[in-house]
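*Asks:* Once you've had a glance at the structure underneath, I'll fire off some questions.
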Amino acid sequence: MNEMKKLFSHLMSIIYYIYTYNIYQKIRLFCVYIHSQWIRNSFRKCERSSHIGSNVTVLGGNKIEIGNHTGISDNCMIEARSVEVLETKHTQIKIGDRCSIGEYCHITAINRIEIGNNVLTGRFVLISDNDHGTTKLEDLYKSPLVRKLVSKGPVIIHDNVWIGDKVSILSGVEIGEGCIIAANSVVTRDVPAYSVVGGIPAKVLKSNK
Amino acid sequence: MNEMKKLFSHLMSIIYYIYTYNIYQKIRLFCVYIHSQWIRNSFRKCERSSHIGSNVTVLGGNKIEIGNHTGISDNCMIEARSVEVLETKHTQIKIGDRCSIGEYCHITAINRIEIGNNVLTGRFVLISDNDHGTTKLEDLYKSPLVRKLVSKGPVIIHDNVWIGDKVSILSGVEIGEGCIIAANSVVTRDVPAYSVVGGIPAKVLKSNK
Amino acid sequence: MNEMKKLFSHLMSIIYYIYTYNIYQKIRLFCVYIHSQWIRNSFRKCERSSHIGSNVTVLGGNKIEIGNHTGISDNCMIEARSVEVLETKHTQIKIGDRCSIGEYCHITAINRIEIGNNVLTGRFVLISDNDHGTTKLEDLYKSPLVRKLVSKGPVIIHDNVWIGDKVSILSGVEIGEGCIIAANSVVTRDVPAYSVVGGIPAKVLKSNK
């Protein structure tokens with residue numbers, strides 16, 4: 001058995017000489033490029049220079065706009081949901097130019113989410129402008145799934161912001177230009193421009209103004 | 001080259017008119033439905049009205065029960081492991097009716113995990129009733145992989161609980177009815193009913209009783 | 001319609017008798033084993049006894065070494081990037097023997113990351129020895145994507161360390177032997193051997209020496 005495993009392992013090494021990881025990556029990237037040029041048509045606007053990764057889930061694409069040279073990485077989920085009281089004929093999610101949204105991110109809007117230019121996010125980031133109901137008793141008696149979605153306000157992220165891995169940005173938050181949001185933070189309040197914030201809830205660690 | 005890219009992009013737009021994202025989603029959902037009706041047979045009990053997403057990993061399915069109209073989203077991992085000292089002929093993991101378990105969640109039991117009805121979880125949530133050994137020196141000298149799995153007690157989550165993204169719920173914890181567990185929290189102690197908790201370790205942010 | 005769904009569900013149950021989840025898992029594991037023996041050739045060194053999961057992304061494999069009986073789980077990302085000022089002819093990422101790196105982990109080095117033997121990590125763990133620029137104003141005015149990658153020092157993780165789910169370990173950090181890093185922590189400073197740390201930033205919860 002061990003001899004067979006060894007032989008098999010050598011065989012795969014020979015195959016590797018012909019079909020390397022580099023070749024695999026190039027083929028994969030080409031397939032993702034095809035997919036990207038196809039799925040971008042599901043958005044209200046998504047420039048040809050932007051890139052949508054594989055296995056990206058889109059809901060309400062006709063309310064989502066993506067600028068130039070922006071990348072939405074694999075396995076992201078972008079959702080623009082209509083809730084009656086809010087005007088939803090307009091764009092609900094707007095992502096600017098030259099942004100890079102990391103893998104496994106989740107952007108979900110019932111109100112409005114605006115991401116400026118040059119915004120970089122890590123992986124597993126949540127940007128949400130809504131909650132499943134309030135924290136009042138009358139809501140807590142119900143199933144979270146039937147509670148009415150509520151928004152404390154739109155989420156606005158200005159230019160040149162860097163958001164670390166596993167950050168959660170909640171509703172009604174505005175993040176100023178040039179901020180750094182440290183890994184694993186939960187942002188529940190506005191962040192002034194050019195500051196570094198971190199923790200749960202996120203507090204200013206360094207202020208530059 | 002740029003001209004070719006443009007042409008190619010136009011071609012994909014034409015293809016999109018015939019094969020839209022909506023059609024793709026419907027085909028995908030149908031495939032997941034087939035998969036769901038197949039994989040539900042690997043559980044001790046999983047009602048036909050419940051839904052198991054694609055790429056869900058199951059271990060010890062004969063010790064797992066899932067109720068009615070519950071959804072386990074894509075890429076989840078549910079593990080019921082036998083450890084000699086504990087009685088494992090019974091159900092180890094029980095998930096109630098009308099729950100929604102978000103994508104990439106991990107539920108792992110060596111003791112017992114009970115999730116009530118109408119429980120909603122975000123993505124990347126960990127619910128674990130076990131640890132790799134204790135924090136005593138004699139354990140820390142060993143490889144974590146050979147330390148004996150230990151449980152401080154079962155995890156019990158009552159009805160109507162909403163658990164945010166990236167929450168970790170550790171062993172021996174009971175979460176009362178109607179609680180909200182804020183995003184990125186680590187729950188290490190019991191949570192009284194109808195309270196909102198958050199942080200590491202999770203503390204009561206709002207108490208309704 | 002409901003009758004058809006019922007019939008269909010019964011059909012899938014019959015198919016399950018022939019093609020069970022167990023059989024599916026064995027086929028899947030065999031495919032992953034083939035893939036593992038193929039992709040290990042993309043590393044500078046990766047012993048035959050080690051296992052690389054499916055959909056693992058590798059960058060700069062010629063600067064990465066993996067020992068014996070180590071497992072890199074599915075969907076991980078391991079990146080060794082060359083940055084001019086640092087010597088990159090050497091190994092940048094070294095993972096020892098009998099380690100288990102959980103799913104969806106991200107290890108990214110521009111400097112050096114060393115992981116000892118018997119290290120166990122949870123899922124969604126980030127181990128990074130670099131940042132997108134500093135926190136100085138001159139950097140914050142720029143796009144995070146064009147900021148120069150900087151490292152505060154290598155990351156060194158000694159033997160028998162257990163790292164929980166969703167932990168982030170940042171640059172310049174040394175974690176001593178036999179430590180436990182609690183779930184959702186962010187490690188920004190050195191951790192003395194045989195201690196248990198947790199929180200954002202991670203603080204010593206229990207010291208054994």
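For the structure tokens, the naming scheme is as follows: chains receive sequential letters (A, B, ...) according to their order of presentation, residues are indexed from 1 within each chain, and ligands are indexed from 1 in presentation order.
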Enumerate as an NGL selection string the residues belonging to chain B that approach chain A to within 9 Å, with only C-alpha atoms taken into account.

*Replies:* :B and (6 or 8-17 or 20-22 or 25 or 98-100 or 117-120 or 123-124 or 159-162 or 165-166 or 177-180 or 183-185 or 194-196 or 198-200 or 206 or 208-209)

*Asks:* Grab the CA of Ala193 in chain C to CA of Ile181 in chain C distance for me, in Å with one decimal place.

*Replies:*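 Separating CA of Ala193 in chain C from CA of Ile181 in chain C is a distance of 11.4 Å.
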
*Asks:* What does the distance from CA of Glu79 in chain C to CA of Asn111 in chain C come to in Å, to one decimal?

*Replies:* 11.1 Å

*Asks:* Could you find all residues in range 23-189 of chain C that DSSP calls alpha helix (DSSP H) from the backbone, and write them as a PyMOL selection string?

*Replies:* chain C and resi 23-39+137-140

*Asks:* Taking the DSSP secondary structure from the backbone, can you list the residues of range 15-201 of chain B that are strand (DSSP E), as a ChimeraX atom specification?

*Replies:* /B:45-46,51-52,57-59,64-66,71-72,77-80,93-95,100-101,106-109,113-115,120-121,126-128,131-132,149-150,155-157,162-163,168-169,174-175,180-181,186-187,195-198

*Asks:* Could you write out that same residue set with C-alpha atoms as a PDB file, in the first residue's frame?

*Replies:*
```pdb
ATOM      1  CA  LYS B  45     -34.055  12.915  11.225  1.00  0.00           C
ATOM      2  CA  CYS B  46     -34.363  15.799   8.770  1.00  0.00           C
ATOM      3  CA  HIS B  51     -33.204  22.562   3.309  1.00  0.00           C
ATOM      4  CA  ILE B  52     -29.525  21.579   3.401  1.00  0.00           C
ATOM      5  CA  THR B  57     -20.125  18.701   5.627  1.00  0.00           C
ATOM      6  CA  VAL B  58     -21.792  16.222   7.987  1.00  0.00           C
ATOM      7  CA  LEU B  59     -20.101  14.010  10.584  1.00  0.00           C
ATOM      8  CA  ILE B  64     -28.252  14.807  14.333  1.00  0.00           C
ATOM      9  CA  GLU B  65     -31.947  15.812  14.153  1.00  0.00           C
ATOM     10  CA  ILE B  66     -33.343  18.711  12.131  1.00  0.00           C
ATOM     11  CA  GLY B  71     -32.453  25.917   6.415  1.00  0.00           C
ATOM     12  CA  ILE B  72     -28.783  24.990   6.777  1.00  0.00           C
ATOM     13  CA  MET B  77     -20.166  21.968   8.840  1.00  0.00           C
ATOM     14  CA  ILE B  78     -22.161  19.945  11.380  1.00  0.00           C
ATOM     15  CA  GLU B  79     -20.242  17.431  13.447  1.00  0.00           C
ATOM     16  CA  ALA B  80     -21.469  15.035  16.141  1.00  0.00           C
ATOM     17  CA  ILE B  93     -27.325  17.842  17.876  1.00  0.00           C
ATOM     18  CA  LYS B  94     -30.965  18.899  17.645  1.00  0.00           C
ATOM     19  CA  ILE B  95     -32.095  21.862  15.551  1.00  0.00           C
ATOM     20  CA  SER B 100     -31.980  29.585   9.523  1.00  0.00           C
ATOM     21  CA  ILE B 101     -28.302  28.731   9.939  1.00  0.00           C
ATOM     22  CA  HIS B 106     -19.711  25.293  12.227  1.00  0.00           C
ATOM     23  CA  ILE B 107     -21.673  23.303  14.813  1.00  0.00           C
ATOM     24  CA  THR B 108     -19.536  20.729  16.628  1.00  0.00           C
ATOM     25  CA  ALA B 109     -20.685  18.508  19.511  1.00  0.00           C
ATOM     26  CA  ILE B 113     -26.142  20.996  21.287  1.00  0.00           C
ATOM     27  CA  GLU B 114     -29.819  21.978  21.229  1.00  0.00           C
ATOM     28  CA  ILE B 115     -31.107  24.783  19.058  1.00  0.00           C
ATOM     29  CA  LEU B 120     -31.479  32.835  13.041  1.00  0.00           C
ATOM     30  CA  THR B 121     -27.687  32.902  12.752  1.00  0.00           C
ATOM     31  CA  LEU B 126     -19.147  28.711  15.654  1.00  0.00           C
ATOM     32  CA  ILE B 127     -21.269  26.734  18.106  1.00  0.00           C
ATOM     33  CA  SER B 128     -19.053  24.287  19.992  1.00  0.00           C
ATOM     34  CA  ASP B 131     -12.383  22.167  23.684  1.00  0.00           C
ATOM     35  CA  HIS B 132      -9.064  20.575  22.813  1.00  0.00           C
ATOM     36  CA  LEU B 149     -11.623  16.637  23.828  1.00  0.00           C
ATOM     37  CA  VAL B 150     -13.451  17.974  26.885  1.00  0.00           C
ATOM     38  CA  VAL B 155     -24.960  24.270  24.572  1.00  0.00           C
ATOM     39  CA  ILE B 156     -28.649  25.140  24.645  1.00  0.00           C
ATOM     40  CA  ILE B 157     -30.093  27.927  22.507  1.00  0.00           C
ATOM     41  CA  TRP B 162     -30.816  36.004  16.665  1.00  0.00           C
ATOM     42  CA  ILE B 163     -27.057  35.381  16.452  1.00  0.00           C
ATOM     43  CA  SER B 168     -18.480  32.082  18.704  1.00  0.00           C
ATOM     44  CA  ILE B 169     -20.587  30.234  21.289  1.00  0.00           C
ATOM     45  CA  GLU B 174     -27.406  28.395  27.698  1.00  0.00           C
ATOM     46  CA  ILE B 175     -28.944  31.267  25.731  1.00  0.00           C
ATOM     47  CA  ILE B 180     -29.776  39.019  20.366  1.00  0.00           C
ATOM     48  CA  ILE B 181     -26.065  38.125  20.195  1.00  0.00           C
ATOM     49  CA  VAL B 186     -17.720  35.346  22.040  1.00  0.00           C
ATOM     50  CA  VAL B 187     -20.333  33.851  24.379  1.00  0.00           C
ATOM     51  CA  SER B 195     -31.281  40.324  26.527  1.00  0.00           C
ATOM     52  CA  VAL B 196     -28.879  41.822  23.998  1.00  0.00           C
ATOM     53  CA  VAL B 197     -25.236  40.809  24.514  1.00  0.00           C
ATOM     54  CA  GLY B 198     -21.985  41.679  22.757  1.00  0.00           C
TER      55      GLY B 198
END
```

*Asks:* Any idea what the distance is between CA of Gly122 in chain C and CA of Gly102 in chain C?

*Replies:* 4.8 Å

*Asks:* Which polymer residues have any atom within 7 Å of an atom of Val56 in chain C, counting only C-alpha atoms, with same-chain residues fewer than 4 positions away left out, as a PDB file with C-alpha atoms, in the first residue's frame?

*Replies:*
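Here's the written file out11.pdb:
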```
ATOM      1  CA  ASP C  74      -9.792  23.397   2.063  1.00  0.00           C
ATOM      2  CA  ASN C  75     -10.094  27.004   0.896  1.00  0.00           C
ATOM      3  CA  CYS C  76      -6.937  28.259   2.621  1.00  0.00           C
ATOM      4  CA  MET C  77      -4.736  30.937   1.085  1.00  0.00           C
TER       5      MET C  77
END
```
